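Chemist: See protein_26.pdb below, with PDB, C-alpha atoms.
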ATOM      1  CA  LEU A 178      26.350 -44.317  30.747  1.00  0.00           C
ATOM      2  CA  ALA A 179      28.539 -42.378  33.183  1.00  0.00           C
ATOM      3  CA  MET A 180      31.293 -45.000  33.024  1.00  0.00           C
ATOM      4  CA  THR A 181      31.198 -44.948  29.221  1.00  0.00           C
ATOM      5  CA  SER A 182      31.501 -41.161  29.201  1.00  0.00           C
ATOM      6  CA  GLY A 183      34.282 -41.283  31.784  1.00  0.00           C
ATOM      7  CA  GLY A 184      36.185 -43.813  29.698  1.00  0.00           C
ATOM      8  CA  ALA A 185      35.729 -41.685  26.591  1.00  0.00           C
ATOM      9  CA  PHE A 186      37.090 -38.667  28.454  1.00  0.00           C
ATOM     10  CA  LEU A 187      40.128 -40.623  29.661  1.00  0.00           C
ATOM     11  CA  LEU A 188      40.838 -41.643  26.070  1.00  0.00           C
ATOM     12  CA  TYR A 189      40.389 -38.021  24.960  1.00  0.00           C
ATOM     13  CA  LEU A 190      42.778 -36.945  27.716  1.00  0.00           C
ATOM     14  CA  GLN A 191      45.447 -39.364  26.469  1.00  0.00           C
ATOM     15  CA  MET A 192      45.036 -38.206  22.873  1.00  0.00           C
ATOM     16  CA  HIS A 193      45.220 -34.476  23.734  1.00  0.00           C
ATOM     17  CA  ASP A 194      48.580 -32.749  23.286  1.00  0.00           C
ATOM     18  CA  SER A 195      48.198 -30.325  26.187  1.00  0.00           C
ATOM     19  CA  THR A 196      49.049 -31.428  29.719  1.00  0.00           C
ATOM     20  CA  ASP A 197      46.961 -28.602  31.228  1.00  0.00           C
ATOM     21  CA  LEU A 198      43.746 -30.213  32.496  1.00  0.00           C
ATOM     22  CA  ARG A 199      41.792 -26.942  32.269  1.00  0.00           C
ATOM     23  CA  THR A 200      42.661 -26.616  28.589  1.00  0.00           C
ATOM     24  CA  VAL A 201      41.741 -30.237  27.920  1.00  0.00           C
ATOM     25  CA  LEU A 202      38.387 -29.872  29.725  1.00  0.00           C
ATOM     26  CA  ARG A 203      37.572 -26.708  27.764  1.00  0.00           C
ATOM     27  CA  ASP A 204      38.460 -28.370  24.455  1.00  0.00           C
ATOM     28  CA  TYR A 205      36.455 -31.473  25.396  1.00  0.00           C
ATOM     29  CA  ALA A 206      33.422 -29.328  26.225  1.00  0.00           C
ATOM     30  CA  GLU A 207      33.760 -27.421  22.945  1.00  0.00           C
ATOM     31  CA  GLU A 208      33.736 -30.683  21.004  1.00  0.00           C
ATOM     32  CA  MET A 209      31.060 -32.508  23.006  1.00  0.00           C
ATOM     33  CA  VAL A 210      28.388 -29.937  23.969  1.00  0.00           C
ATOM     34  CA  LEU A 211      26.585 -29.697  20.611  1.00  0.00           C
ATOM     35  CA  PRO A 212      26.434 -33.451  19.925  1.00  0.00           C
ATOM     36  CA  ALA A 213      25.251 -34.095  23.494  1.00  0.00           C
ATOM     37  CA  LEU A 214      22.609 -31.362  23.311  1.00  0.00           C
ATOM     38  CA  GLU A 215      21.448 -32.668  19.948  1.00  0.00           C
ATOM     39  CA  LEU A 216      21.010 -36.133  21.434  1.00  0.00           C
ATOM     40  CA  TYR A 217      19.088 -34.863  24.442  1.00  0.00           C
ATOM     41  CA  THR A 218      17.071 -32.371  22.386  1.00  0.00           C
ATOM     42  CA  ASN A 219      15.886 -34.828  19.796  1.00  0.00           C
ATOM     43  CA  GLY A 220      15.811 -37.808  22.109  1.00  0.00           C
ATOM     44  CA  LEU A 221      14.745 -36.447  25.494  1.00  0.00           C
ATOM     45  CA  MET A 222      13.864 -32.754  25.525  1.00  0.00           C
ATOM     46  CA  VAL A 223      10.447 -31.375  24.628  1.00  0.00           C
ATOM     47  CA  ASP A 224      11.744 -28.671  22.300  1.00  0.00           C
ATOM     48  CA  SER A 225      14.977 -27.463  20.756  1.00  0.00           C
ATOM     49  CA  THR A 226      15.327 -24.111  22.579  1.00  0.00           C
ATOM     50  CA  MET A 227      18.579 -24.975  24.391  1.00  0.00           C
ATOM     51  CA  TYR A 228      20.133 -26.692  21.362  1.00  0.00           C
ATOM     52  CA  ASP A 229      19.195 -23.756  19.110  1.00  0.00           C
ATOM     53  CA  ALA A 230      20.772 -21.270  21.552  1.00  0.00           C
ATOM     54  CA  PHE A 231      24.049 -23.215  21.726  1.00  0.00           C
ATOM     55  CA  LEU A 232      24.090 -23.721  17.943  1.00  0.00           C
ATOM     56  CA  ASP A 233      23.587 -19.975  17.418  1.00  0.00           C
ATOM     57  CA  GLN A 234      26.473 -19.326  19.802  1.00  0.00           C
ATOM     58  CA  ARG A 235      28.711 -21.709  17.823  1.00  0.00           C
ATOM     59  CA  LEU A 236      27.699 -20.154  14.478  1.00  0.00           C
ATOM     60  CA  HIS A 237      28.708 -16.728  15.811  1.00  0.00           C
ATOM     61  CA  GLY A 238      32.096 -18.045  16.973  1.00  0.00           C
ATOM     62  CA  ILE A 239      31.295 -17.674  20.670  1.00  0.00           C
ATOM     63  CA  PRO A 240      32.910 -20.465  22.752  1.00  0.00           C
ATOM     64  CA  PHE A 241      30.720 -22.493  25.097  1.00  0.00           C
ATOM     65  CA  THR A 242      33.260 -22.278  27.880  1.00  0.00           C
ATOM     66  CA  SER A 243      34.907 -19.284  29.479  1.00  0.00           C
ATOM     67  CA  THR A 244      38.624 -18.800  29.977  1.00  0.00           C
ATOM     68  CA  GLU A 245      37.872 -16.476  32.895  1.00  0.00           C
ATOM     69  CA  GLY A 246      39.795 -17.619  35.939  1.00  0.00           C
ATOM     70  CA  ALA A 247      42.042 -19.882  33.885  1.00  0.00           C
ATOM     71  CA  HIS A 248      45.141 -18.206  35.263  1.00  0.00           C
ATOM     72  CA  ASP A 249      44.135 -18.033  38.928  1.00  0.00           C
ATOM     73  CA  ASP A 250      46.262 -20.977  40.052  1.00  0.00           C
TER      74      ASP A 250
END
The structure given in the file should be rewritten as structure tokens.
Modeler:
Amino acid sequence: LAMTSGGAFLLYLQMHDSTDLRTVLRDYAEEMVLPALELYTNGLMVDSTMYDAFLDQRLHGIPFTSTEGAHDD
């Protein structure tokens, strides 16, 4: 499973326009967190509390990832 996810990320990295790895990781997280949480919520977790919290965040336009520290190279 980890190798599949790693391969998917490498493909995502190649398809992404930005060369800034931090930006790519943030964008990847924004696109992958809800589907992953949905899978684990409905497939593995006991209840939907975490998924519901992240979905509420998305519906209110709040990003899952922070840009804090993005410019501390």
Chemist: How big is the axis-aligned box around the listed atoms of range 212-226 of chain A once 3 Å is added on each side, and where is its centre? Give both in Å to one decimal, as lines of an AutoDock Vina configuration file.
Modeler:
center_x = 18.4
center_y = -31.0
center_z = 22.7
size_x = 22.0
size_y = 19.7
size_z = 11.7
Chemist: Can you tell me, as a VMD selection string, what residues are no more than 12 Å from range 206-222 of chain A when counting only C-alpha atoms, ignoring any on the same chain fewer than 5 positions away?
Modeler: chain A and resid 182 185 to 186 189 199 to 201 227 to 236 238 to 243
Chemist: Would you work out the distance separating CA of Glu245 in chain A from CA of Asp204 in chain A, expressed in Å to one decimal?
Modeler: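 Rounded to one decimal, the two atoms are 14.6 Å apart.
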Chemist: Which of these residues is nearest to Gly183 in chain A, using only C-alpha atoms: A:Tyr205, A:Asp197, A:Asp224, A:His237?
Modeler: A:Tyr205
Chemist: Restore N, CA and C atoms in range 222-238 of chain A and list the result as a compact mmCIF listing (two decimals), in the frame of the given file.
Modeler:
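For reference, part36.txt as written:
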# COMPACT_ATOMS: atom_id res chain seq x y z
N MET A 222 14.47 -34.05 25.20
CA MET A 222 13.86 -32.75 25.52
C MET A 222 12.59 -32.51 24.72
N VAL A 223 11.73 -31.67 25.26
CA VAL A 223 10.45 -31.38 24.63
C VAL A 223 10.61 -30.50 23.39
N ASP A 224 11.52 -29.53 23.46
CA ASP A 224 11.74 -28.67 22.30
C ASP A 224 13.23 -28.39 22.14
N SER A 225 13.57 -27.67 21.10
CA SER A 225 14.98 -27.46 20.76
C SER A 225 15.53 -26.12 21.21
N THR A 226 14.90 -25.44 22.16
CA THR A 226 15.33 -24.11 22.58
C THR A 226 16.79 -24.08 23.02
N MET A 227 17.20 -24.98 23.89
CA MET A 227 18.58 -24.98 24.39
C MET A 227 19.56 -25.31 23.27
N TYR A 228 19.25 -26.32 22.48
CA TYR A 228 20.13 -26.69 21.36
C TYR A 228 20.27 -25.53 20.38
N ASP A 229 19.16 -24.88 20.05
CA ASP A 229 19.20 -23.76 19.11
C ASP A 229 20.05 -22.61 19.64
N ALA A 230 19.97 -22.34 20.95
CA ALA A 230 20.77 -21.27 21.55
C ALA A 230 22.26 -21.59 21.48
N PHE A 231 22.64 -22.83 21.79
CA PHE A 231 24.05 -23.22 21.73
C PHE A 231 24.54 -23.24 20.28
N LEU A 232 23.71 -23.70 19.35
CA LEU A 232 24.09 -23.72 17.94
C LEU A 232 24.30 -22.31 17.43
N ASP A 233 23.44 -21.38 17.81
CA ASP A 233 23.59 -19.98 17.42
C ASP A 233 24.89 -19.41 17.96
N GLN A 234 25.22 -19.76 19.19
CA GLN A 234 26.47 -19.33 19.80
C GLN A 234 27.66 -19.84 18.99
N ARG A 235 27.63 -21.11 18.60
CA ARG A 235 28.71 -21.71 17.82
C ARG A 235 28.83 -21.03 16.45
N LEU A 236 27.69 -20.77 15.81
CA LEU A 236 27.70 -20.15 14.48
C LEU A 236 28.26 -18.74 14.51
N HIS A 237 28.15 -18.07 15.65
CA HIS A 237 28.71 -16.73 15.81
C HIS A 237 30.13 -16.74 16.37
N GLY A 238 30.72 -17.93 16.51
CA GLY A 238 32.10 -18.05 16.97
C GLY A 238 32.29 -17.81 18.46
